file target_31.pdb (PDB, C-alpha atoms)
ATOM      1  CA  MET A  21     -35.357  67.181  14.087
ATOM      2  CA  LEU A  22     -37.930  64.462  13.500
ATOM      3  CA  GLU A  23     -36.492  60.986  13.121
ATOM      4  CA  ASP A  24     -37.992  59.757   9.883
ATOM      5  CA  GLN A  25     -39.706  62.822   8.526
ATOM      6  CA  ASP A  26     -40.476  62.776   4.848
ATOM      7  CA  MET A  27     -38.160  64.910   2.749
ATOM      8  CA  SER A  28     -38.568  66.383  -0.682
ATOM      9  CA  VAL A  29     -35.673  66.082  -3.111
ATOM     10  CA  GLN A  30     -34.853  69.750  -2.548
ATOM     11  CA  GLU A  31     -34.841  69.293   1.226
ATOM     12  CA  ALA A  32     -32.572  66.263   0.897
ATOM     13  CA  ALA A  33     -30.179  68.251  -1.286
ATOM     14  CA  ALA A  34     -30.138  71.034   1.312
ATOM     15  CA  VAL A  35     -29.411  68.522   4.096
ATOM     16  CA  VAL A  36     -26.495  67.080   2.084
ATOM     17  CA  GLN A  37     -25.114  70.536   1.308
ATOM     18  CA  ASP A  38     -25.369  71.819   4.890
ATOM     19  CA  ALA A  39     -24.006  68.645   6.479
ATOM     20  CA  ARG A  40     -21.137  68.468   3.976
ATOM     21  CA  ALA A  41     -20.170  72.108   4.556
ATOM     22  CA  ARG A  42     -20.234  71.635   8.322
ATOM     23  CA  ALA A  43     -18.315  68.337   8.223
ATOM     24  CA  ARG A  44     -15.617  69.837   5.988
ATOM     25  CA  ARG A  45     -15.359  72.906   8.218
ATOM     26  CA  GLU A  46     -15.110  70.825  11.395
ATOM     27  CA  LEU A  47     -13.316  67.625  10.362
ATOM     28  CA  VAL A  48     -10.919  68.632   7.605
ATOM     29  CA  ILE A  49      -7.646  70.410   8.390
ATOM     30  CA  SER A  50      -7.678  73.818   6.715
ATOM     31  CA  THR A  51      -4.710  73.533   4.345
ATOM     32  CA  PRO A  52      -4.996  77.194   3.217
ATOM     33  CA  LEU A  53      -4.419  78.257   6.842
ATOM     34  CA  VAL A  54      -1.464  75.863   7.201
ATOM     35  CA  TYR A  55       0.055  77.036   3.899
ATOM     36  CA  THR A  56      -0.464  80.679   4.856
ATOM     37  CA  ALA A  57       1.242  80.180   8.230
ATOM     38  CA  TRP A  58       4.313  78.542   6.675
ATOM     39  CA  GLY A  59       4.341  80.905   3.703
ATOM     40  CA  LEU A  60       4.527  83.914   6.014
ATOM     41  CA  VAL A  61       7.212  82.275   8.176
ATOM     42  CA  TRP A  62       9.380  81.626   5.128
ATOM     43  CA  LEU A  63       8.715  84.958   3.460
ATOM     44  CA  ILE A  64       9.343  87.025   6.596
ATOM     45  CA  GLY A  65      11.961  84.738   8.191
ATOM     46  CA  TYR A  66      14.137  84.144   5.132
ATOM     47  CA  GLY A  67      13.416  87.724   4.062
ATOM     48  CA  ALA A  68      14.702  89.090   7.381
ATOM     49  CA  MET A  69      17.872  86.985   7.087
ATOM     50  CA  TRP A  70      18.348  88.113   3.491
ATOM     51  CA  LEU A  71      18.015  91.780   4.495
ATOM     52  CA  SER A  72      20.601  91.262   7.247
ATOM     53  CA  VAL A  73      23.213  89.761   4.864
ATOM     54  CA  ARG A  74      22.518  91.973   1.853
ATOM     55  CA  GLY A  75      25.600  94.010   1.101
ATOM     56  CA  GLN A  76      27.892  92.019   3.406
ATOM     57  CA  HIS A  77      31.461  91.901   2.044
ATOM     58  CA  PRO A  78      32.675  89.389   2.980
ATOM     59  CA  TYR A  79      29.624  87.315   3.830
ATOM     60  CA  THR A  80      29.477  86.642   7.586
ATOM     61  CA  GLY A  81      25.955  85.235   7.929
ATOM     62  CA  PRO A  82      22.570  86.518   9.122
ATOM     63  CA  SER A  83      22.326  88.661  12.246
ATOM     64  CA  GLY A  84      21.320  87.112  15.551
ATOM     65  CA  LEU A  85      18.103  89.162  15.485
ATOM     66  CA  ALA A  86      17.150  87.789  12.055
ATOM     67  CA  ILE A  87      17.833  84.197  13.152
ATOM     68  CA  ALA A  88      15.848  84.740  16.363
ATOM     69  CA  THR A  89      12.971  86.120  14.254
ATOM     70  CA  VAL A  90      12.948  82.899  12.217
ATOM     71  CA  PHE A  91      12.790  80.670  15.285
ATOM     72  CA  VAL A  92      10.064  82.764  16.963
ATOM     73  CA  LEU A  93       7.965  82.799  13.781
ATOM     74  CA  ALA A  94       8.500  79.065  13.250
ATOM     75  CA  GLY A  95       7.463  78.429  16.861
ATOM     76  CA  PHE A  96       4.225  80.357  16.315
ATOM     77  CA  ALA A  97       3.596  78.508  13.038
ATOM     78  CA  VAL A  98       4.150  75.086  14.615
ATOM     79  CA  ALA A  99       1.800  75.994  17.480
ATOM     80  CA  ALA A 100      -0.836  77.339  15.074
ATOM     81  CA  VAL A 101      -0.673  74.255  12.851
ATOM     82  CA  LEU A 102      -0.908  71.949  15.870
ATOM     83  CA  VAL A 103      -3.987  73.811  17.161
ATOM     84  CA  ILE A 104      -5.670  73.784  13.726
ATOM     85  CA  ALA A 105      -4.895  70.098  13.173
ATOM     86  CA  SER A 106      -5.801  68.851  16.654
ATOM     87  CA  LYS A 107      -9.128  70.740  16.573
ATOM     88  CA  ALA A 108     -10.039  69.116  13.262
ATOM     89  CA  VAL A 109      -8.913  65.563  13.986
ATOM     90  CA  THR A 110     -10.330  65.227  17.508
ATOM     91  CA  GLY A 111     -12.319  61.994  17.565
ATOM     92  CA  ILE A 112     -10.925  60.759  14.249
ATOM     93  CA  ASP A 113      -8.928  57.547  14.221
ATOM     94  CA  GLY A 114      -7.516  55.410  11.449
ATOM     95  CA  GLN A 115      -5.049  55.442   8.596
ATOM     96  CA  SER A 116      -4.950  59.213   8.051
ATOM     97  CA  VAL A 117      -4.002  59.756  11.710
ATOM     98  CA  ARG A 118      -1.172  57.215  11.404
ATOM     99  CA  ASN A 119      -0.059  58.906   8.167
ATOM    100  CA  ARG A 120       0.085  62.304   9.858
ATOM    101  CA  ARG A 121       2.231  60.849  12.645
ATOM    102  CA  ILE A 122       4.655  59.422  10.057
ATOM    103  CA  ILE A 123       4.799  62.755   8.204
ATOM    104  CA  GLY A 124       5.292  64.781  11.393
ATOM    105  CA  THR A 125       8.006  62.444  12.674
ATOM    106  CA  THR A 126       9.804  62.499   9.310
ATOM    107  CA  TRP A 127       9.893  66.303   9.307
ATOM    108  CA  ALA A 128      10.935  66.551  12.978
ATOM    109  CA  VAL A 129      13.732  63.968  12.672
ATOM    110  CA  GLY A 130      14.995  65.524   9.440
ATOM    111  CA  TYR A 131      14.962  69.019  10.888
ATOM    112  CA  LEU A 132      16.748  67.862  14.035
ATOM    113  CA  ALA A 133      19.398  66.199  11.845
ATOM    114  CA  LEU A 134      19.951  69.480   9.988
ATOM    115  CA  LEU A 135      20.142  71.443  13.266
ATOM    116  CA  VAL A 136      22.832  69.054  14.526
ATOM    117  CA  ALA A 137      24.747  68.601  11.258
ATOM    118  CA  ALA A 138      25.052  72.253  10.185
ATOM    119  CA  PRO A 139      27.011  73.483  13.249
ATOM    120  CA  ALA A 140      29.046  70.247  13.301
ATOM    121  CA  ILE A 141      30.432  70.786   9.791
ATOM    122  CA  SER A 142      30.621  74.569   9.958
ATOM    123  CA  GLY A 143      34.367  74.576  10.532
ATOM    124  CA  SER A 144      35.242  72.253   7.684
ATOM    125  CA  VAL A 145      33.147  73.528   4.759
ATOM    126  CA  SER A 146      32.952  76.783   2.823
ATOM    127  CA  THR A 147      30.481  79.476   3.893
ATOM    128  CA  ARG A 148      28.571  78.876   0.641
ATOM    129  CA  THR A 149      28.219  75.138   1.386
ATOM    130  CA  LEU A 150      27.171  75.887   4.946
ATOM    131  CA  ALA A 151      24.614  78.432   3.725
ATOM    132  CA  PHE A 152      23.237  75.873   1.262
ATOM    133  CA  ILE A 153      22.851  73.198   3.955
ATOM    134  CA  SER A 154      21.484  75.595   6.603
ATOM    135  CA  PHE A 155      19.025  77.551   4.446
ATOM    136  CA  ALA A 156      18.167  75.370   1.439
ATOM    137  CA  GLY A 157      18.333  72.128   3.470
ATOM    138  CA  PRO A 158      15.096  72.848   5.385
ATOM    139  CA  VAL A 159      13.362  73.798   2.120
ATOM    140  CA  MET A 160      14.335  70.473   0.506
ATOM    141  CA  LEU A 161      13.338  68.615   3.679
ATOM    142  CA  VAL A 162       9.893  70.239   3.634
ATOM    143  CA  GLY A 163       9.610  69.426  -0.070
ATOM    144  CA  LEU A 164      10.428  65.761   0.513
ATOM    145  CA  THR A 165       8.030  65.655   3.480
ATOM    146  CA  TYR A 166       5.250  67.015   1.269
ATOM    147  CA  ILE A 167       6.062  64.411  -1.384
ATOM    148  CA  LEU A 168       5.735  61.733   1.315
ATOM    149  CA  ALA A 169       2.416  63.290   2.401
ATOM    150  CA  ALA A 170       1.246  63.294  -1.209
ATOM    151  CA  ALA A 171       2.118  59.611  -1.586
ATOM    152  CA  LEU A 172       0.259  58.698   1.603
ATOM    153  CA  GLY A 173      -2.732  60.940   0.940
ATOM    154  CA  ARG A 174      -2.839  60.583  -2.849
ATOM    155  CA  SER A 175      -2.856  64.347  -3.452
ATOM    156  CA  ARG A 176      -1.529  65.862  -6.684
ATOM    157  CA  SER A 177      -1.513  69.435  -5.373
ATOM    158  CA  VAL A 178       0.594  68.426  -2.359
ATOM    159  CA  LEU A 179       2.925  66.495  -4.697
ATOM    160  CA  ALA A 180       3.301  69.585  -6.901
ATOM    161  CA  LEU A 181       4.066  71.783  -3.876
ATOM    162  CA  GLY A 182       6.599  69.266  -2.528
ATOM    163  CA  ALA A 183       8.318  68.864  -5.893
ATOM    164  CA  TRP A 184       8.506  72.644  -6.298
ATOM    165  CA  GLN A 185      10.129  73.092  -2.870
ATOM    166  CA  VAL A 186      12.710  70.404  -3.711
ATOM    167  CA  ILE A 187      13.466  72.209  -6.985
ATOM    168  CA  VAL A 188      13.784  75.527  -5.117
ATOM    169  CA  GLY A 189      16.165  73.905  -2.624
ATOM    170  CA  ILE A 190      18.308  72.215  -5.290
ATOM    171  CA  SER A 191      18.515  75.391  -7.379
ATOM    172  CA  CYS A 192      20.183  77.059  -4.380
ATOM    173  CA  ALA A 193      23.256  74.839  -4.931
ATOM    174  CA  TRP A 194      24.349  77.266  -7.680
ATOM    175  CA  LEU A 195      23.609  80.459  -5.759
ATOM    176  CA  ALA A 196      25.500  82.759  -3.389
ATOM    177  CA  PRO A 197      24.375  82.784   0.278
ATOM    178  CA  ALA A 198      22.414  86.052   0.069
ATOM    179  CA  THR A 199      20.654  84.888  -3.102
ATOM    180  CA  ILE A 200      19.824  81.543  -1.435
ATOM    181  CA  LEU A 201      17.947  83.421   1.292
ATOM    182  CA  ALA A 202      16.079  85.593  -1.220
ATOM    183  CA  THR A 203      15.185  82.524  -3.289
ATOM    184  CA  CYS A 204      13.883  80.605  -0.258
ATOM    185  CA  ALA A 205      11.832  83.640   0.852
ATOM    186  CA  LEU A 206      10.252  84.401  -2.508
ATOM    187  CA  ALA A 207      10.116  81.072  -4.372
ATOM    188  CA  GLY A 208       9.648  78.914  -1.245
ATOM    189  CA  GLY A 209       7.415  81.122   0.901
ATOM    190  CA  GLY A 210       5.686  82.518  -2.174
ATOM    191  CA  ALA A 211       4.738  79.001  -3.314
ATOM    192  CA  PHE A 212       3.025  78.316   0.015
ATOM    193  CA  LEU A 213       1.069  81.585  -0.209
ATOM    194  CA  LEU A 214       0.153  80.931  -3.841
ATOM    195  CA  MET A 215      -1.063  77.422  -2.965
ATOM    196  CA  ALA A 216      -3.115  78.873  -0.078
ATOM    197  CA  ALA A 217      -4.770  81.309  -2.492
ATOM    198  CA  VAL A 218      -5.434  78.576  -5.082
ATOM    199  CA  GLU A 219      -6.961  76.204  -2.511
ATOM    200  CA  THR A 220      -9.112  78.978  -1.039
ATOM    201  CA  GLY A 221     -10.378  79.789  -4.526
ATOM    202  CA  LEU A 222     -11.092  76.134  -5.296
ATOM    203  CA  ARG A 223     -13.023  75.728  -2.032
ATOM    204  CA  ARG A 224     -15.111  78.816  -2.760
ATOM    205  CA  HIS A 225     -16.025  77.357  -6.132
ATOM    206  CA  GLY A 226     -16.911  74.038  -4.493
ATOM    207  CA  SER A 227     -14.199  71.921  -6.152
TER     208      SER A 227
ATOM    209  CA  MET B   1     -29.491  48.955  -1.104
ATOM    210  CA  ALA B   2     -32.093  50.787  -3.242
ATOM    211  CA  ALA B   3     -32.351  50.454  -7.022
ATOM    212  CA  GLU B   4     -29.832  52.543  -8.951
ATOM    213  CA  ASN B   5     -32.404  55.196  -9.914
ATOM    214  CA  GLU B   6     -34.255  55.470  -6.573
ATOM    215  CA  LEU B   7     -33.427  57.379  -3.416
ATOM    216  CA  ASP B   8     -32.329  54.814  -0.841
ATOM    217  CA  PRO B   9     -35.028  54.856   1.909
ATOM    218  CA  VAL B  10     -32.424  53.989   4.551
ATOM    219  CA  LEU B  11     -30.509  57.186   3.763
ATOM    220  CA  HIS B  12     -33.542  59.291   2.854
ATOM    221  CA  ALA B  13     -34.137  60.525   6.403
ATOM    222  CA  PRO B  14     -32.612  63.794   7.663
ATOM    223  CA  VAL B  15     -30.631  62.415  10.582
ATOM    224  CA  ARG B  16     -29.313  59.320   8.786
ATOM    225  CA  LEU B  17     -28.424  61.432   5.771
ATOM    226  CA  ARG B  18     -26.433  63.821   7.963
ATOM    227  CA  VAL B  19     -24.690  60.866   9.594
ATOM    228  CA  ALA B  20     -23.778  59.471   6.165
ATOM    229  CA  VAL B  21     -22.549  62.845   4.856
ATOM    230  CA  THR B  22     -20.418  63.387   7.955
ATOM    231  CA  LEU B  23     -18.855  59.915   7.809
ATOM    232  CA  ALA B  24     -18.335  60.188   4.033
ATOM    233  CA  THR B  25     -16.192  63.287   4.670
ATOM    234  CA  LEU B  26     -13.645  61.079   6.429
ATOM    235  CA  ARG B  27     -10.923  59.395   4.414
ATOM    236  CA  ASP B  28     -11.211  55.683   3.636
ATOM    237  CA  GLY B  29     -10.085  53.665   6.648
ATOM    238  CA  ASP B  30     -10.901  56.410   9.174
ATOM    239  CA  SER B  31     -13.515  56.331  11.902
ATOM    240  CA  LEU B  32     -15.134  58.983  14.081
ATOM    241  CA  SER B  33     -15.799  58.717  17.794
ATOM    242  CA  PHE B  34     -19.447  58.446  18.807
ATOM    243  CA  THR B  35     -19.150  61.526  21.036
ATOM    244  CA  ARG B  36     -17.670  63.742  18.274
ATOM    245  CA  LEU B  37     -20.353  62.563  15.843
ATOM    246  CA  GLN B  38     -23.033  63.285  18.420
ATOM    247  CA  ASP B  39     -21.531  66.705  19.070
ATOM    248  CA  LEU B  40     -21.338  67.536  15.355
ATOM    249  CA  LEU B  41     -24.931  66.547  14.701
ATOM    250  CA  GLY B  42     -26.352  67.937  17.949
ATOM    251  CA  LEU B  43     -28.232  64.740  18.792
ATOM    252  CA  THR B  44     -28.990  62.950  22.014
ATOM    253  CA  PRO B  45     -27.097  59.656  22.475
ATOM    254  CA  GLY B  46     -30.363  57.691  22.254
ATOM    255  CA  ASN B  47     -31.427  59.358  19.017
ATOM    256  CA  LEU B  48     -28.035  58.793  17.405
ATOM    257  CA  ILE B  49     -27.941  55.144  18.526
ATOM    258  CA  THR B  50     -31.379  54.552  16.975
ATOM    259  CA  HIS B  51     -30.290  55.877  13.593
ATOM    260  CA  LEU B  52     -26.867  54.212  13.718
ATOM    261  CA  ARG B  53     -28.603  50.898  14.357
ATOM    262  CA  LYS B  54     -30.707  51.333  11.202
ATOM    263  CA  LEU B  55     -27.616  52.188   9.186
ATOM    264  CA  GLU B  56     -25.733  49.276  10.724
ATOM    265  CA  ASP B  57     -28.590  46.864   9.962
ATOM    266  CA  ALA B  58     -28.373  47.958   6.318
ATOM    267  CA  GLY B  59     -24.615  47.318   6.397
ATOM    268  CA  TYR B  60     -23.825  50.990   5.777
ATOM    269  CA  VAL B  61     -21.898  51.755   8.961
ATOM    270  CA  THR B  62     -19.735  49.765  11.303
ATOM    271  CA  THR B  63     -19.216  50.516  14.962
ATOM    272  CA  ALA B  64     -16.312  49.326  17.059
ATOM    273  CA  LYS B  65     -15.727  49.557  20.788
ATOM    274  CA  SER B  66     -12.265  49.843  22.293
ATOM    275  CA  GLY B  67     -10.945  50.318  25.812
ATOM    276  CA  ARG B  68     -12.727  49.761  29.094
ATOM    277  CA  GLY B  69     -14.423  51.889  31.726
ATOM    278  CA  VAL B  70     -13.750  55.618  31.473
ATOM    279  CA  THR B  71     -11.343  55.106  28.571
ATOM    280  CA  SER B  72     -13.836  53.167  26.483
ATOM    281  CA  ARG B  73     -14.559  54.594  23.069
ATOM    282  CA  THR B  74     -17.034  53.762  20.354
ATOM    283  CA  SER B  75     -15.923  54.503  16.797
ATOM    284  CA  VAL B  76     -18.237  54.792  13.837
ATOM    285  CA  SER B  77     -17.243  54.482  10.197
ATOM    286  CA  LEU B  78     -18.919  54.222   6.833
ATOM    287  CA  SER B  79     -18.540  50.738   5.336
ATOM    288  CA  PRO B  80     -17.548  50.328   1.661
ATOM    289  CA  GLN B  81     -21.165  49.329   1.017
ATOM    290  CA  GLY B  82     -22.343  52.460   2.837
ATOM    291  CA  ARG B  83     -20.009  54.689   0.817
ATOM    292  CA  LYS B  84     -21.296  53.119  -2.381
ATOM    293  CA  ALA B  85     -24.903  53.593  -1.262
ATOM    294  CA  PHE B  86     -24.222  57.227  -0.330
ATOM    295  CA  ASP B  87     -22.500  57.921  -3.662
ATOM    296  CA  ASN B  88     -25.487  56.380  -5.442
ATOM    297  CA  TYR B  89     -27.890  58.430  -3.302
ATOM    298  CA  THR B  90     -26.181  61.719  -4.199
ATOM    299  CA  ALA B  91     -26.012  60.711  -7.873
ATOM    300  CA  VAL B  92     -29.778  59.997  -7.917
ATOM    301  CA  LEU B  93     -30.393  63.252  -6.053
ATOM    302  CA  ARG B  94     -28.463  65.204  -8.691
ATOM    303  CA  GLN B  95     -30.384  63.419 -11.416
ATOM    304  CA  LEU B  96     -33.729  64.288  -9.811
ATOM    305  CA  LEU B  97     -32.749  67.908  -9.299
ATOM    306  CA  ASP B  98     -31.555  68.331 -12.868
ATOM    307  CA  PRO B  99     -34.659  68.767 -15.048
ATOM    308  CA  ALA B 100     -32.738  67.691 -18.135
ATOM    309  CA  SER B 101     -32.113  64.236 -16.741
ATOM    310  CA  THR B 102     -35.422  63.740 -14.870
ATOM    311  CA  ASN B 103     -37.605  60.999 -16.247
ATOM    312  CA  GLY B 104     -40.903  62.403 -15.016
ATOM    313  CA  THR B 105     -40.794  60.813 -11.559
ATOM    314  CA  SER B 106     -40.674  62.919  -8.434
ATOM    315  CA  GLN B 107     -39.567  61.590  -5.095
ATOM    316  CA  HIS B 108     -41.400  62.774  -2.038
TER     317      HIS B 108
END

call {"tool": "encode", "arguments": {"input": "target_31.pdb", "output": "structure tokens"}}
result
Amino acid sequence: MLEDQDMSVQEAAAVVQDARARARRELVISTPLVYTAWGLVWLIGYGAMWLSVRGQHPYTGPSGLAIATVFVLAGFAVAAVLVIASKAVTGIDGQSVRNRRIIGTTWAVGYLALLVAAPAISGSVSTRTLAFISFAGPVMLVGLTYILAAALGRSRSVLALGAWQVIVGISCAWLAPATILATCALAGGGAFLLMAAVETGLRRHGS
Amino acid sequence: MAAENELDPVLHAPVRLRVAVTLATLRDGDSLSFTRLQDLLGLTPGNLITHLRKLEDAGYVTTAKSGRGVTSRTSVSLSPQGRKAFDNYTAVLRQLLDPASTNGTSQH
């Protein structure tokens, strides 16, 4: 391309449009992909656990296969999100990178705390309390992490998603273990998939 | 910076406009490495340096070097003045493209 070639207004508009589309495609993390990955993990993972406890009398907890499914799916989702994010942010430095580190660390530390706390208290609390902490706890943690991300990135849609996940998690306090799993699968995972669809639609319409 | 209703001549060049658009995509406070910018725009280092210098002279971009030797890195970011100039440029562009708001002048 010539260095200082003269451009018409139309050509300038085309340059802006093309460069903006490319920059957004290359430099911005695709949130619809991230939401879809986590939505599927929650829908399938919590759904598999729900199917394994449905009809249990008394409730004994999800099968080992269902729990293993959750961890395998979550592992794939974490890897996918890391690949998507690292590809987009390569070469970028500054406040948003520091924010992402804070958000990632918050989620990781919180999740580790839940992984340690749930087995530790399993012998001294009711199965319903343990189910609430083990299944709804991660949903509330993700919700709070999204609220933190919204505060740092000034995003209303992320705030709405985070607040919804916290509400979903809290609502599980009144539910039986099997219903907690169904609620997390449908209301939690469904919210991620709905948000992915909304954001994809908004991007197509250039918002 | 150009007058409010004129296309800024510093930005009104294909390469510099693409540089500005790319840097404007970043969040406030973020910078992009010289090599990633070069890769995104498909330019030679010399060509990119020439245009960055013009943008820097206008106060629209800032460059910062960090590290030494093989770990050295040059970061480029849009300055607040550059973001304002780019926003004004796109606003004028929209105005010129919209027949209803055109005042009979055509930029070329």

call {"tool": "resolve_selection", "arguments": {"input": "target_31.pdb", "expression": "the PyMOL selection byres ((chain B) within 6 of (chain A))", "output": "PDB file with C-alpha atoms, keeping the file's coordinate frame"}}
result
ATOM      1  CA  ALA B  13     -34.137  60.525   6.403  1.00  0.00           C
ATOM      2  CA  ARG B  18     -26.433  63.821   7.963  1.00  0.00           C
ATOM      3  CA  VAL B  21     -22.549  62.845   4.856  1.00  0.00           C
ATOM      4  CA  THR B  22     -20.418  63.387   7.955  1.00  0.00           C
ATOM      5  CA  GLY B  29     -10.085  53.665   6.648  1.00  0.00           C
ATOM      6  CA  ASP B  30     -10.901  56.410   9.174  1.00  0.00           C
ATOM      7  CA  SER B  31     -13.515  56.331  11.902  1.00  0.00           C
ATOM      8  CA  LEU B  32     -15.134  58.983  14.081  1.00  0.00           C
ATOM      9  CA  SER B  33     -15.799  58.717  17.794  1.00  0.00           C
ATOM     10  CA  ARG B  36     -17.670  63.742  18.274  1.00  0.00           C
ATOM     11  CA  HIS B 108     -41.400  62.774  -2.038  1.00  0.00           C
TER      12      HIS B 108
END

call {"tool": "atom_distance", "arguments": {"input": "target_31.pdb", "atom1": "CA of Leu55 (chain B)", "atom2": "CA of Leu23 (chain B)"}}
result
11.8 Å

call {"tool": "resolve_selection", "arguments": {"input": "target_31.pdb", "expression": "the PyMOL selection byres ((chain A and resi 147-161) around 8)", "output": "MDAnalysis selection string"}}
result
chainID A and resid 79 127 130:131 134:135 138 141:142 145:146 162:165 185:190 192:193 196:197 200:201 204 208

call {"tool": "closest_residue", "arguments": {"input": "target_31.pdb", "among": "A:Ala170, A:Ala202, A:Ala133, A:Ala207", "to": "Trp184 (chain A)", "atoms": "all atoms listed in the file"}}
result
A:Ala207

call {"tool": "atom_distance", "arguments": {"input": "target_31.pdb", "atom1": "CA of Leu181 (chain A)", "atom2": "CA of Val92 (chain A)"}}
result
24.3 Å

call {"tool": "residues_around", "arguments": {"input": "target_31.pdb", "residues": "Ile49 (chain B)", "least_positions_apart": "5", "cutoff": "12 Å", "atoms": "all atoms listed in the file", "output": "ChimeraX atom specification"}}
result
/A:23 /B:15-16,19,34-35,37-38,43-44,54-57,61,63,74,76

call {"tool": "residues_around", "arguments": {"input": "target_31.pdb", "residues": "Tyr55 (chain A)", "least_positions_apart": "2", "cutoff": "10 Å", "atoms": "all atoms listed in the file", "output": "list of chain:residue names"}}
result
A:Ser50, A:Thr51, A:Pro52, A:Leu53, A:Ala57, A:Trp58, A:Gly59, A:Leu60, A:Val61, A:Ala97, A:Val101, A:Gly209, A:Gly210, A:Ala211, A:Phe212, A:Leu213, A:Leu214, A:Met215, A:Ala216, A:Ala217, A:Glu219
